Amino acid sequence: MQIGFIGLGSMGSAMARNLVKAGHEVHAWNRSRVDPDAVPGVTLLDSPQDAFRAEVVFTMLSDDAVIREVVLDAGLLRDARPGLIHVVTSTISVAFARELAGLHEAAGLGYVSAPVLGRPNVAANGQLNILAAGKPATIAAIEPVLAPLSKKVWKLGDDPVRANAAKLAANMMIAMAIEAMVEGVALTESVGLDRADFFELILGTLFAGRAYESYSAQMTERNFEPGFKAKLALKDMRLASALGEESGRPLPMLDVVRERLTRVVSAGLGEKDWSIMAEVDQAGDGSTSSSGRSVEGHA
């Protein structure tokens, strides 16, 4: 299948490589220069318009504003190949996903919301969980290109926004799990219990699970090289807050994690992994860790 791809960051480049390995013809564009050696087998394009002349086009861009600039403001829907299916794998707002679905319908193009669960190493191994929503026939048409990217495709119905809401909820819950561990460490370290011993306890008893396992390890090692950047996590928490406000549903725990991530980003740590939340002082300005040592010294 001829596939266009827009957005060759750490996630997008891994996905594009796997599509090539599966035998698809991939033509990709990125806003900044990409080393061809980083995406072997991918044909790099001079413009995003060319990507929209494929049978299927993926966008893996950072947020609503970038997709609006690259796709809508540039008129890519107007100039797209007839019958093209656009698969948006980015984490975007429900309101924008609703707008995109309507615009694609009006242009006679297919549209699928397909945000993903998984870090870049998971993407590289073709083991993403893909949350897909859209017209059943449209999703069926792209299943051959989702297969080499995913461990499982979760079909969430014919309204694209369901996938976007599910992704925001999942990221919100991961942030809450990180916050729970941060506060647990605050209590136990205050009486001298090492965080490694505390995490061994909770993982072996009450809180086994991927989020607790992976992020407790990063907190213990104080290794905050980004799998998911704090600044992007804050963006997602803001989108989740907006959806809560739109639906009239109070989300008090979300308010807490959003405030902590705001302090993280304000302290200049937005490029670090979001588990850097563990190093932001409970009371204050983000300059010290909960154990009293400097954030910069650990990051």
# chains A, B, ... in the order shown; residues from 1 in each chain; ligands from 1

$ residues_around --residues "Gly83 in chain A" --least-positions-apart "4" --cutoff "10 Å" --atoms "only C-alpha atoms" --output "mmCIF file with C-alpha atoms, in the first residue's frame"
data_model
loop_
_atom_site.group_PDB
_atom_site.id
_atom_site.type_symbol
_atom_site.label_atom_id
_atom_site.label_comp_id
_atom_site.auth_asym_id
_atom_site.auth_seq_id
_atom_site.Cartn_x
_atom_site.Cartn_y
_atom_site.Cartn_z
ATOM 1 C CA ARG A 53 -1.411 11.888 -2.397
ATOM 2 C CA ALA A 54 -1.004 8.376 -0.985
ATOM 3 C CA GLU A 55 -3.770 5.854 -0.247
ATOM 4 C CA VAL A 56 -3.377 6.289 3.502
ATOM 5 C CA ALA A 107 -14.021 16.705 1.698
ATOM 6 C CA GLY A 108 -15.018 13.119 0.889
ATOM 7 C CA LEU A 109 -12.002 11.685 2.700
ATOM 8 C CA GLY A 110 -11.741 8.918 5.266
#

$ closest_atom_pairs --of "range 178-275 of chain A" --to "range 152-168 of chain A" --cutoff "8 Å" --atoms "only C-alpha atoms" --output "tab-separated table"
residue	atom	partner	partner_atom	distance
A:Asp236	CA	A:Leu168	CA	6.4
A:Met237	CA	A:Leu168	CA	7.5
A:Leu239	CA	A:Leu168	CA	7.3
A:Ala240	CA	A:Leu168	CA	5.7
A:Leu243	CA	A:Ala165	CA	8.0

$ write_last_selection --atoms "all heavy atoms" --output "short mmCIF file (atom, residue, chain, number, x, y, z; two decimals), in the first residue's frame"
data_model
loop_
_atom_site.label_atom_id
_atom_site.label_comp_id
_atom_site.auth_asym_id
_atom_site.auth_seq_id
_atom_site.Cartn_x
_atom_site.Cartn_y
_atom_site.Cartn_z
N ASP A 236 -1.41 17.14 27.58
CA ASP A 236 -2.50 16.15 27.65
C ASP A 236 -3.39 16.36 28.87
O ASP A 236 -4.61 16.16 28.80
CB ASP A 236 -1.91 14.74 27.67
CG ASP A 236 -1.30 14.36 26.34
OD1 ASP A 236 -1.40 15.15 25.38
OD2 ASP A 236 -0.70 13.27 26.26
N MET A 237 -2.80 16.75 29.98
CA MET A 237 -3.61 17.01 31.17
C MET A 237 -4.52 18.22 30.94
O MET A 237 -5.67 18.24 31.40
CB MET A 237 -2.73 17.24 32.40
CG MET A 237 -1.87 16.04 32.81
SD MET A 237 -2.74 14.47 33.03
CE MET A 237 -2.24 13.61 31.51
N LEU A 239 -5.75 19.05 28.03
CA LEU A 239 -6.82 18.57 27.15
C LEU A 239 -7.85 17.76 27.93
O LEU A 239 -9.06 17.86 27.68
CB LEU A 239 -6.24 17.73 26.02
CG LEU A 239 -5.29 18.44 25.05
CD1 LEU A 239 -4.83 17.47 23.95
CD2 LEU A 239 -5.94 19.66 24.43
N ALA A 240 -7.38 16.95 28.88
CA ALA A 240 -8.30 16.18 29.71
C ALA A 240 -9.15 17.11 30.57
O ALA A 240 -10.36 16.89 30.73
CB ALA A 240 -7.52 15.20 30.58
N LEU A 243 -11.89 18.58 28.47
CA LEU A 243 -12.98 17.63 28.23
C LEU A 243 -13.86 17.49 29.46
O LEU A 243 -15.08 17.41 29.37
CB LEU A 243 -12.42 16.28 27.81
CG LEU A 243 -13.44 15.19 27.51
CD1 LEU A 243 -14.43 15.61 26.43
CD2 LEU A 243 -12.73 13.89 27.09
#

$ residues_around --residues "range 102-105 of chain A" --least-positions-apart "3" --cutoff "10 Å" --atoms "only C-alpha atoms" --output "short mmCIF file (atom, residue, chain, number, x, y, z; two decimals) with all heavy atoms, in the first residue's frame"
data_model
loop_
_atom_site.label_atom_id
_atom_site.label_comp_id
_atom_site.auth_asym_id
_atom_site.auth_seq_id
_atom_site.Cartn_x
_atom_site.Cartn_y
_atom_site.Cartn_z
N LEU A 72 -4.56 21.71 7.90
CA LEU A 72 -5.73 22.50 7.54
C LEU A 72 -5.36 23.83 6.90
O LEU A 72 -5.87 24.19 5.83
CB LEU A 72 -6.60 22.73 8.78
CG LEU A 72 -7.13 21.47 9.48
CD1 LEU A 72 -8.08 21.85 10.61
CD2 LEU A 72 -7.80 20.53 8.49
N LEU A 77 -6.41 18.96 2.76
CA LEU A 77 -7.62 18.18 2.51
C LEU A 77 -8.18 18.50 1.13
O LEU A 77 -8.68 17.61 0.42
CB LEU A 77 -8.67 18.47 3.59
CG LEU A 77 -8.28 18.18 5.03
CD1 LEU A 77 -9.50 18.32 5.94
CD2 LEU A 77 -7.65 16.81 5.19
N ARG A 78 -8.10 19.74 0.74
CA ARG A 78 -8.61 20.16 -0.57
C ARG A 78 -7.83 19.50 -1.70
O ARG A 78 -8.40 19.11 -2.73
CB ARG A 78 -8.52 21.68 -0.69
CG ARG A 78 -9.03 22.25 -2.00
CD ARG A 78 -8.71 23.74 -2.12
NE ARG A 78 -7.28 24.00 -2.13
CZ ARG A 78 -6.64 24.71 -1.21
NH1 ARG A 78 -7.28 25.25 -0.19
NH2 ARG A 78 -5.32 24.90 -1.30
N LEU A 84 -8.63 9.16 -0.11
CA LEU A 84 -7.56 8.98 0.88
C LEU A 84 -8.14 8.80 2.29
O LEU A 84 -9.18 9.38 2.63
CB LEU A 84 -6.64 10.19 0.86
CG LEU A 84 -5.60 10.32 1.99
CD1 LEU A 84 -4.26 10.76 1.45
CD2 LEU A 84 -6.07 11.33 3.05
N ILE A 85 -7.46 8.01 3.10
CA ILE A 85 -7.82 7.83 4.51
C ILE A 85 -6.73 8.47 5.36
O ILE A 85 -5.55 8.13 5.23
CB ILE A 85 -7.98 6.35 4.88
CG1 ILE A 85 -9.11 5.72 4.06
CG2 ILE A 85 -8.25 6.19 6.38
CD1 ILE A 85 -9.21 4.21 4.22
N HIS A 86 -7.13 9.37 6.23
CA HIS A 86 -6.19 10.06 7.12
C HIS A 86 -6.30 9.45 8.51
O HIS A 86 -7.38 9.43 9.11
CB HIS A 86 -6.56 11.55 7.15
CG HIS A 86 -5.63 12.39 7.97
ND1 HIS A 86 -5.90 13.69 8.31
CD2 HIS A 86 -4.40 12.11 8.52
CE1 HIS A 86 -4.90 14.17 9.02
NE2 HIS A 86 -3.98 13.24 9.16
N PHE A 96 -11.07 19.11 18.77
CA PHE A 96 -10.38 19.18 17.48
C PHE A 96 -10.62 17.91 16.67
O PHE A 96 -10.78 17.97 15.44
CB PHE A 96 -8.89 19.42 17.70
CG PHE A 96 -8.12 19.70 16.43
CD1 PHE A 96 -8.58 20.62 15.50
CD2 PHE A 96 -6.93 19.05 16.18
CE1 PHE A 96 -7.87 20.89 14.34
CE2 PHE A 96 -6.21 19.31 15.02
CZ PHE A 96 -6.68 20.22 14.09
N ALA A 97 -10.66 16.76 17.33
CA ALA A 97 -10.95 15.51 16.62
C ALA A 97 -12.33 15.57 15.99
O ALA A 97 -12.54 15.11 14.86
CB ALA A 97 -10.85 14.33 17.58
N ARG A 98 -13.28 16.14 16.72
CA ARG A 98 -14.64 16.29 16.18
C ARG A 98 -14.62 17.20 14.94
O ARG A 98 -15.28 16.92 13.94
CB ARG A 98 -15.55 16.85 17.27
CG ARG A 98 -17.03 16.85 16.92
CD ARG A 98 -17.86 17.37 18.08
NE ARG A 98 -17.84 16.44 19.22
CZ ARG A 98 -17.37 16.74 20.43
NH1 ARG A 98 -16.88 17.93 20.68
NH2 ARG A 98 -17.40 15.83 21.39
N GLU A 99 -13.85 18.29 15.03
CA GLU A 99 -13.73 19.19 13.89
C GLU A 99 -13.09 18.49 12.69
O GLU A 99 -13.56 18.62 11.55
CB GLU A 99 -12.92 20.42 14.29
CG GLU A 99 -12.70 21.41 13.16
CD GLU A 99 -11.78 22.56 13.55
OE1 GLU A 99 -11.41 22.67 14.74
OE2 GLU A 99 -11.41 23.35 12.65
N GLY A 108 -14.92 14.44 1.50
CA GLY A 108 -15.02 13.12 0.89
C GLY A 108 -13.84 12.22 1.19
O GLY A 108 -13.54 11.28 0.44
N LEU A 109 -13.17 12.47 2.30
CA LEU A 109 -12.00 11.68 2.70
C LEU A 109 -12.31 10.84 3.93
O LEU A 109 -13.16 11.20 4.75
CB LEU A 109 -10.82 12.62 3.01
CG LEU A 109 -10.42 13.58 1.90
CD1 LEU A 109 -9.33 14.53 2.39
CD2 LEU A 109 -9.96 12.83 0.65
N GLY A 110 -11.60 9.74 4.08
CA GLY A 110 -11.74 8.92 5.27
C GLY A 110 -10.96 9.51 6.43
O GLY A 110 -9.92 10.14 6.23
N TYR A 111 -11.46 9.28 7.64
CA TYR A 111 -10.79 9.79 8.83
C TYR A 111 -10.89 8.76 9.95
O TYR A 111 -11.97 8.23 10.22
CB TYR A 111 -11.42 11.11 9.29
CG TYR A 111 -10.81 11.63 10.58
CD1 TYR A 111 -9.60 12.32 10.56
CD2 TYR A 111 -11.41 11.40 11.82
CE1 TYR A 111 -9.02 12.77 11.73
CE2 TYR A 111 -10.84 11.85 12.99
CZ TYR A 111 -9.64 12.54 12.95
OH TYR A 111 -9.06 12.97 14.11
N VAL A 112 -9.77 8.50 10.60
CA VAL A 112 -9.73 7.60 11.76
C VAL A 112 -8.90 8.26 12.85
O VAL A 112 -7.77 8.70 12.60
CB VAL A 112 -9.12 6.23 11.41
CG1 VAL A 112 -9.02 5.35 12.66
CG2 VAL A 112 -9.94 5.52 10.34
#

$ residues_around --residues "Arg31 in chain A" --least-positions-apart "3" --cutoff "10 Å" --atoms "only C-alpha atoms" --output "list in words"
Ile6, Gly7, Leu8, Gly9, Val34, Asp46, Ser47, Pro48, Leu61, Val66 and Val70 of chain A

$ atom_distance --atom1 "CA of Ala233 in chain A" --atom2 "CA of Met176 in chain A"
11.6 Å

$ residues_around --residues "Ile202 in chain A" --least-positions-apart "4" --cutoff "12 Å" --atoms "only C-alpha atoms" --output "PyMOL selection string"
chain A and resi 180-181+184-185+188+195-198+206-209+212-213+216

$ write_last_selection --atoms "N, CA and C atoms" --output "tab-separated table (two decimals), in the first residue's frame"
chain	number	residue	atom	x	y	z
A	180	ALA	N	0.59	9.19	42.77
A	180	ALA	CA	0.40	8.32	43.93
A	180	ALA	C	1.74	7.84	44.47
A	181	MET	N	2.65	7.46	43.57
A	181	MET	CA	3.97	7.01	44.02
A	181	MET	C	4.78	8.16	44.60
A	184	GLY	N	3.48	8.64	48.04
A	184	GLY	CA	3.91	7.52	48.89
A	184	GLY	C	5.35	7.65	49.31
A	185	VAL	N	6.20	8.07	48.36
A	185	VAL	CA	7.62	8.27	48.68
A	185	VAL	C	7.80	9.42	49.66
A	188	THR	N	7.16	7.88	53.10
A	188	THR	CA	8.09	6.85	53.56
A	188	THR	C	9.51	7.36	53.68
A	195	ARG	N	13.36	4.55	48.96
A	195	ARG	CA	12.27	4.40	47.99
A	195	ARG	C	12.33	3.07	47.25
A	196	ALA	N	13.53	2.52	47.05
A	196	ALA	CA	13.62	1.21	46.39
A	196	ALA	C	12.93	0.14	47.22
A	197	ASP	N	13.11	0.19	48.53
A	197	ASP	CA	12.46	-0.80	49.40
A	197	ASP	C	10.95	-0.59	49.42
A	198	PHE	N	10.51	0.67	49.41
A	198	PHE	CA	9.08	0.93	49.39
A	198	PHE	C	8.46	0.44	48.09
A	206	LEU	N	0.33	-4.76	46.42
A	206	LEU	CA	-0.92	-4.12	46.04
A	206	LEU	C	-0.95	-3.51	44.64
A	207	PHE	N	0.21	-3.15	44.08
A	207	PHE	CA	0.19	-2.30	42.89
A	207	PHE	C	1.07	-2.83	41.77
A	208	ALA	N	0.96	-4.11	41.46
A	208	ALA	CA	1.64	-4.64	40.29
A	208	ALA	C	0.95	-4.10	39.04
A	209	GLY	N	1.73	-3.73	38.06
A	209	GLY	CA	1.17	-3.18	36.82
A	209	GLY	C	2.23	-2.42	36.07
A	212	TYR	N	3.15	1.26	37.22
A	212	TYR	CA	3.86	1.28	38.50
A	212	TYR	C	5.26	0.70	38.36
A	213	GLU	N	5.39	-0.37	37.58
A	213	GLU	CA	6.70	-1.01	37.44
A	213	GLU	C	7.69	-0.10	36.72
A	216	SER	N	8.21	3.48	38.70
A	216	SER	CA	8.91	3.34	39.98
A	216	SER	C	10.39	3.09	39.74

$ select_by_dssp --residues "range 124-174 of chain A" --states "alpha helix (DSSP H)" --output "list in words"
Ala124, Pro136, Ala137, Thr138, Ile139, Ala140, Ala141, Ile142, Glu143, Pro144, Val145, Leu146, Val161, Arg162, Ala163, Asn164, Ala165, Ala166, Lys167, Leu168, Ala169, Ala170, Asn171, Met172, Met173 and Ile174 of chain A

$ select_by_dssp --residues "range 99-234 of chain A" --states "strand (DSSP E or B)" --output "list of chain:residue names"
A:Gly110, A:Tyr111, A:Val112, A:Ser113, A:Val116, A:Leu117, A:Leu128, A:Asn129, A:Ile130, A:Leu131, A:Ala132, A:Ala133, A:Ser150, A:Lys151, A:Lys152, A:Val153, A:Trp154, A:Lys155, A:Lys229

$ closest_residue --among "A:Ile67, A:Val20, A:Glu189, A:Leu149" --to "Asn121 in chain A" --atoms "only C-alpha atoms"
A:Leu149

$ residues_around --residues "Ala123 in chain A" --least-positions-apart "6" --cutoff "8 Å" --atoms "only C-alpha atoms" --output "PDB file with all heavy atoms, in the first residue's frame"
ATOM      1  N   MET A  11       8.633   8.655  17.843  1.00  0.00           N
ATOM      2  CA  MET A  11       7.526   7.722  17.621  1.00  0.00           C
ATOM      3  C   MET A  11       7.273   7.522  16.125  1.00  0.00           C
ATOM      4  O   MET A  11       7.177   6.382  15.633  1.00  0.00           O
ATOM      5  CB  MET A  11       6.264   8.232  18.293  1.00  0.00           C
ATOM      6  CG  MET A  11       6.306   8.226  19.799  1.00  0.00           C
ATOM      7  SD  MET A  11       6.264   6.561  20.511  1.00  0.00           S
ATOM      8  CE  MET A  11       4.576   6.076  20.145  1.00  0.00           C
ATOM      9  N   ALA A  14       9.889   5.442  14.164  1.00  0.00           N
ATOM     10  CA  ALA A  14       9.805   4.010  14.471  1.00  0.00           C
ATOM     11  C   ALA A  14       8.631   3.369  13.730  1.00  0.00           C
ATOM     12  O   ALA A  14       8.751   2.271  13.181  1.00  0.00           O
ATOM     13  CB  ALA A  14       9.650   3.809  15.974  1.00  0.00           C
ATOM     14  N   MET A  15       7.511   4.075  13.691  1.00  0.00           N
ATOM     15  CA  MET A  15       6.336   3.554  12.995  1.00  0.00           C
ATOM     16  C   MET A  15       6.585   3.465  11.491  1.00  0.00           C
ATOM     17  O   MET A  15       6.234   2.469  10.843  1.00  0.00           O
ATOM     18  CB  MET A  15       5.125   4.428  13.302  1.00  0.00           C
ATOM     19  CG  MET A  15       4.715   4.388  14.770  1.00  0.00           C
ATOM     20  SD  MET A  15       3.553   5.694  15.240  1.00  0.00           S
ATOM     21  CE  MET A  15       2.075   5.175  14.356  1.00  0.00           C
ATOM     22  N   LEU A 149       2.308  -2.266  13.178  1.00  0.00           N
ATOM     23  CA  LEU A 149       2.626  -1.255  14.187  1.00  0.00           C
ATOM     24  C   LEU A 149       2.218  -1.674  15.589  1.00  0.00           C
ATOM     25  O   LEU A 149       2.668  -1.071  16.563  1.00  0.00           O
ATOM     26  CB  LEU A 149       1.891   0.056  13.857  1.00  0.00           C
ATOM     27  CG  LEU A 149       2.095   0.648  12.470  1.00  0.00           C
ATOM     28  CD1 LEU A 149       1.242   1.897  12.314  1.00  0.00           C
ATOM     29  CD2 LEU A 149       3.563   0.960  12.224  1.00  0.00           C
ATOM     30  N   SER A 150       1.382  -2.707  15.691  1.00  0.00           N
ATOM     31  CA  SER A 150       0.641  -2.871  16.934  1.00  0.00           C
ATOM     32  C   SER A 150       0.677  -4.276  17.524  1.00  0.00           C
ATOM     33  O   SER A 150       0.793  -5.279  16.813  1.00  0.00           O
ATOM     34  CB  SER A 150      -0.820  -2.474  16.704  1.00  0.00           C
ATOM     35  OG  SER A 150      -1.400  -3.307  15.716  1.00  0.00           O
TER      36      SER A 150
END

$ atom_distance --atom1 "CA of Thr43 in chain A" --atom2 "CA of Ser10 in chain A"
17.2 Å

$ residues_around --residues "Leu19 in chain A" --least-positions-apart "6" --cutoff "8 Å" --atoms "only C-alpha atoms" --output "PyMOL selection string"
chain A and resi 25-26+145+148-149

$ atom_distance --atom1 "CA of Ser275 in chain A" --atom2 "CA of Ala230 in chain A"
7.7 Å

$ closest_residue --among "A:Ala217, A:Leu131, A:Ala211, A:Leu269" --to "Phe199 in chain A" --atoms "only C-alpha atoms"
A:Ala217

$ decode --residues "range 254-272 of chain A" --atoms "N, CA, C and O atoms" --output "PDB file, in the first residue's frame"
ATOM      1  N   LEU A 254      -7.134  15.090  38.810  1.00  0.00           N
ATOM      2  CA  LEU A 254      -6.475  15.665  37.642  1.00  0.00           C
ATOM      3  C   LEU A 254      -5.941  17.050  37.952  1.00  0.00           C
ATOM      4  O   LEU A 254      -4.848  17.421  37.511  1.00  0.00           O
ATOM      5  N   ASP A 255      -6.676  17.830  38.728  1.00  0.00           N
ATOM      6  CA  ASP A 255      -6.208  19.167  39.084  1.00  0.00           C
ATOM      7  C   ASP A 255      -4.866  19.103  39.805  1.00  0.00           C
ATOM      8  O   ASP A 255      -3.985  19.948  39.596  1.00  0.00           O
ATOM      9  N   VAL A 256      -4.699  18.088  40.657  1.00  0.00           N
ATOM     10  CA  VAL A 256      -3.455  17.941  41.424  1.00  0.00           C
ATOM     11  C   VAL A 256      -2.281  17.643  40.498  1.00  0.00           C
ATOM     12  O   VAL A 256      -1.223  18.287  40.573  1.00  0.00           O
ATOM     13  N   VAL A 257      -2.440  16.639  39.612  1.00  0.00           N
ATOM     14  CA  VAL A 257      -1.314  16.268  38.752  1.00  0.00           C
ATOM     15  C   VAL A 257      -1.026  17.353  37.722  1.00  0.00           C
ATOM     16  O   VAL A 257       0.134  17.578  37.352  1.00  0.00           O
ATOM     17  N   ARG A 258      -2.062  18.046  37.291  1.00  0.00           N
ATOM     18  CA  ARG A 258      -1.826  19.145  36.352  1.00  0.00           C
ATOM     19  C   ARG A 258      -1.011  20.248  37.014  1.00  0.00           C
ATOM     20  O   ARG A 258      -0.085  20.812  36.397  1.00  0.00           O
ATOM     21  N   GLU A 259      -1.303  20.545  38.274  1.00  0.00           N
ATOM     22  CA  GLU A 259      -0.548  21.571  38.989  1.00  0.00           C
ATOM     23  C   GLU A 259       0.906  21.147  39.164  1.00  0.00           C
ATOM     24  O   GLU A 259       1.829  21.956  38.993  1.00  0.00           O
ATOM     25  N   ARG A 260       1.144  19.878  39.489  1.00  0.00           N
ATOM     26  CA  ARG A 260       2.529  19.431  39.658  1.00  0.00           C
ATOM     27  C   ARG A 260       3.278  19.496  38.328  1.00  0.00           C
ATOM     28  O   ARG A 260       4.439  19.922  38.271  1.00  0.00           O
ATOM     29  N   LEU A 261       2.645  19.074  37.255  1.00  0.00           N
ATOM     30  CA  LEU A 261       3.310  19.145  35.956  1.00  0.00           C
ATOM     31  C   LEU A 261       3.557  20.588  35.531  1.00  0.00           C
ATOM     32  O   LEU A 261       4.564  20.884  34.879  1.00  0.00           O
ATOM     33  N   THR A 262       2.666  21.474  35.909  1.00  0.00           N
ATOM     34  CA  THR A 262       2.885  22.890  35.629  1.00  0.00           C
ATOM     35  C   THR A 262       4.146  23.373  36.326  1.00  0.00           C
ATOM     36  O   THR A 262       4.963  24.118  35.739  1.00  0.00           O
ATOM     37  N   ARG A 263       4.360  22.951  37.580  1.00  0.00           N
ATOM     38  CA  ARG A 263       5.569  23.341  38.304  1.00  0.00           C
ATOM     39  C   ARG A 263       6.816  22.736  37.664  1.00  0.00           C
ATOM     40  O   ARG A 263       7.868  23.369  37.597  1.00  0.00           O
ATOM     41  N   VAL A 264       6.690  21.485  37.192  1.00  0.00           N
ATOM     42  CA  VAL A 264       7.813  20.833  36.521  1.00  0.00           C
ATOM     43  C   VAL A 264       8.239  21.632  35.295  1.00  0.00           C
ATOM     44  O   VAL A 264       9.416  21.945  35.100  1.00  0.00           O
ATOM     45  N   VAL A 265       7.283  21.966  34.448  1.00  0.00           N
ATOM     46  CA  VAL A 265       7.588  22.682  33.212  1.00  0.00           C
ATOM     47  C   VAL A 265       8.086  24.095  33.519  1.00  0.00           C
ATOM     48  O   VAL A 265       9.035  24.583  32.890  1.00  0.00           O
ATOM     49  N   SER A 266       7.487  24.742  34.509  1.00  0.00           N
ATOM     50  CA  SER A 266       7.920  26.090  34.900  1.00  0.00           C
ATOM     51  C   SER A 266       9.344  26.092  35.431  1.00  0.00           C
ATOM     52  O   SER A 266      10.058  27.095  35.341  1.00  0.00           O
ATOM     53  N   ALA A 267       9.767  24.959  35.992  1.00  0.00           N
ATOM     54  CA  ALA A 267      11.132  24.839  36.511  1.00  0.00           C
ATOM     55  C   ALA A 267      12.144  24.503  35.420  1.00  0.00           C
ATOM     56  O   ALA A 267      13.321  24.281  35.711  1.00  0.00           O
ATOM     57  N   GLY A 268      11.689  24.462  34.165  1.00  0.00           N
ATOM     58  CA  GLY A 268      12.606  24.199  33.062  1.00  0.00           C
ATOM     59  C   GLY A 268      12.877  22.735  32.805  1.00  0.00           C
ATOM     60  O   GLY A 268      13.869  22.378  32.158  1.00  0.00           O
ATOM     61  N   LEU A 269      12.000  21.862  33.298  1.00  0.00           N
ATOM     62  CA  LEU A 269      12.223  20.423  33.182  1.00  0.00           C
ATOM     63  C   LEU A 269      11.266  19.758  32.199  1.00  0.00           C
ATOM     64  O   LEU A 269      11.083  18.543  32.227  1.00  0.00           O
ATOM     65  N   GLY A 270      10.672  20.550  31.309  1.00  0.00           N
ATOM     66  CA  GLY A 270       9.676  20.013  30.398  1.00  0.00           C
ATOM     67  C   GLY A 270      10.189  18.988  29.414  1.00  0.00           C
ATOM     68  O   GLY A 270       9.410  18.189  28.890  1.00  0.00           O
ATOM     69  N   GLU A 271      11.507  18.992  29.153  1.00  0.00           N
ATOM     70  CA  GLU A 271      12.071  18.020  28.214  1.00  0.00           C
ATOM     71  C   GLU A 271      12.376  16.679  28.888  1.00  0.00           C
ATOM     72  O   GLU A 271      12.714  15.716  28.196  1.00  0.00           O
ATOM     73  N   LYS A 272      12.282  16.622  30.209  1.00  0.00           N
ATOM     74  CA  LYS A 272      12.520  15.380  30.936  1.00  0.00           C
ATOM     75  C   LYS A 272      11.282  14.481  30.897  1.00  0.00           C
ATOM     76  O   LYS A 272      10.180  14.919  30.592  1.00  0.00           O
TER      77      LYS A 272
END
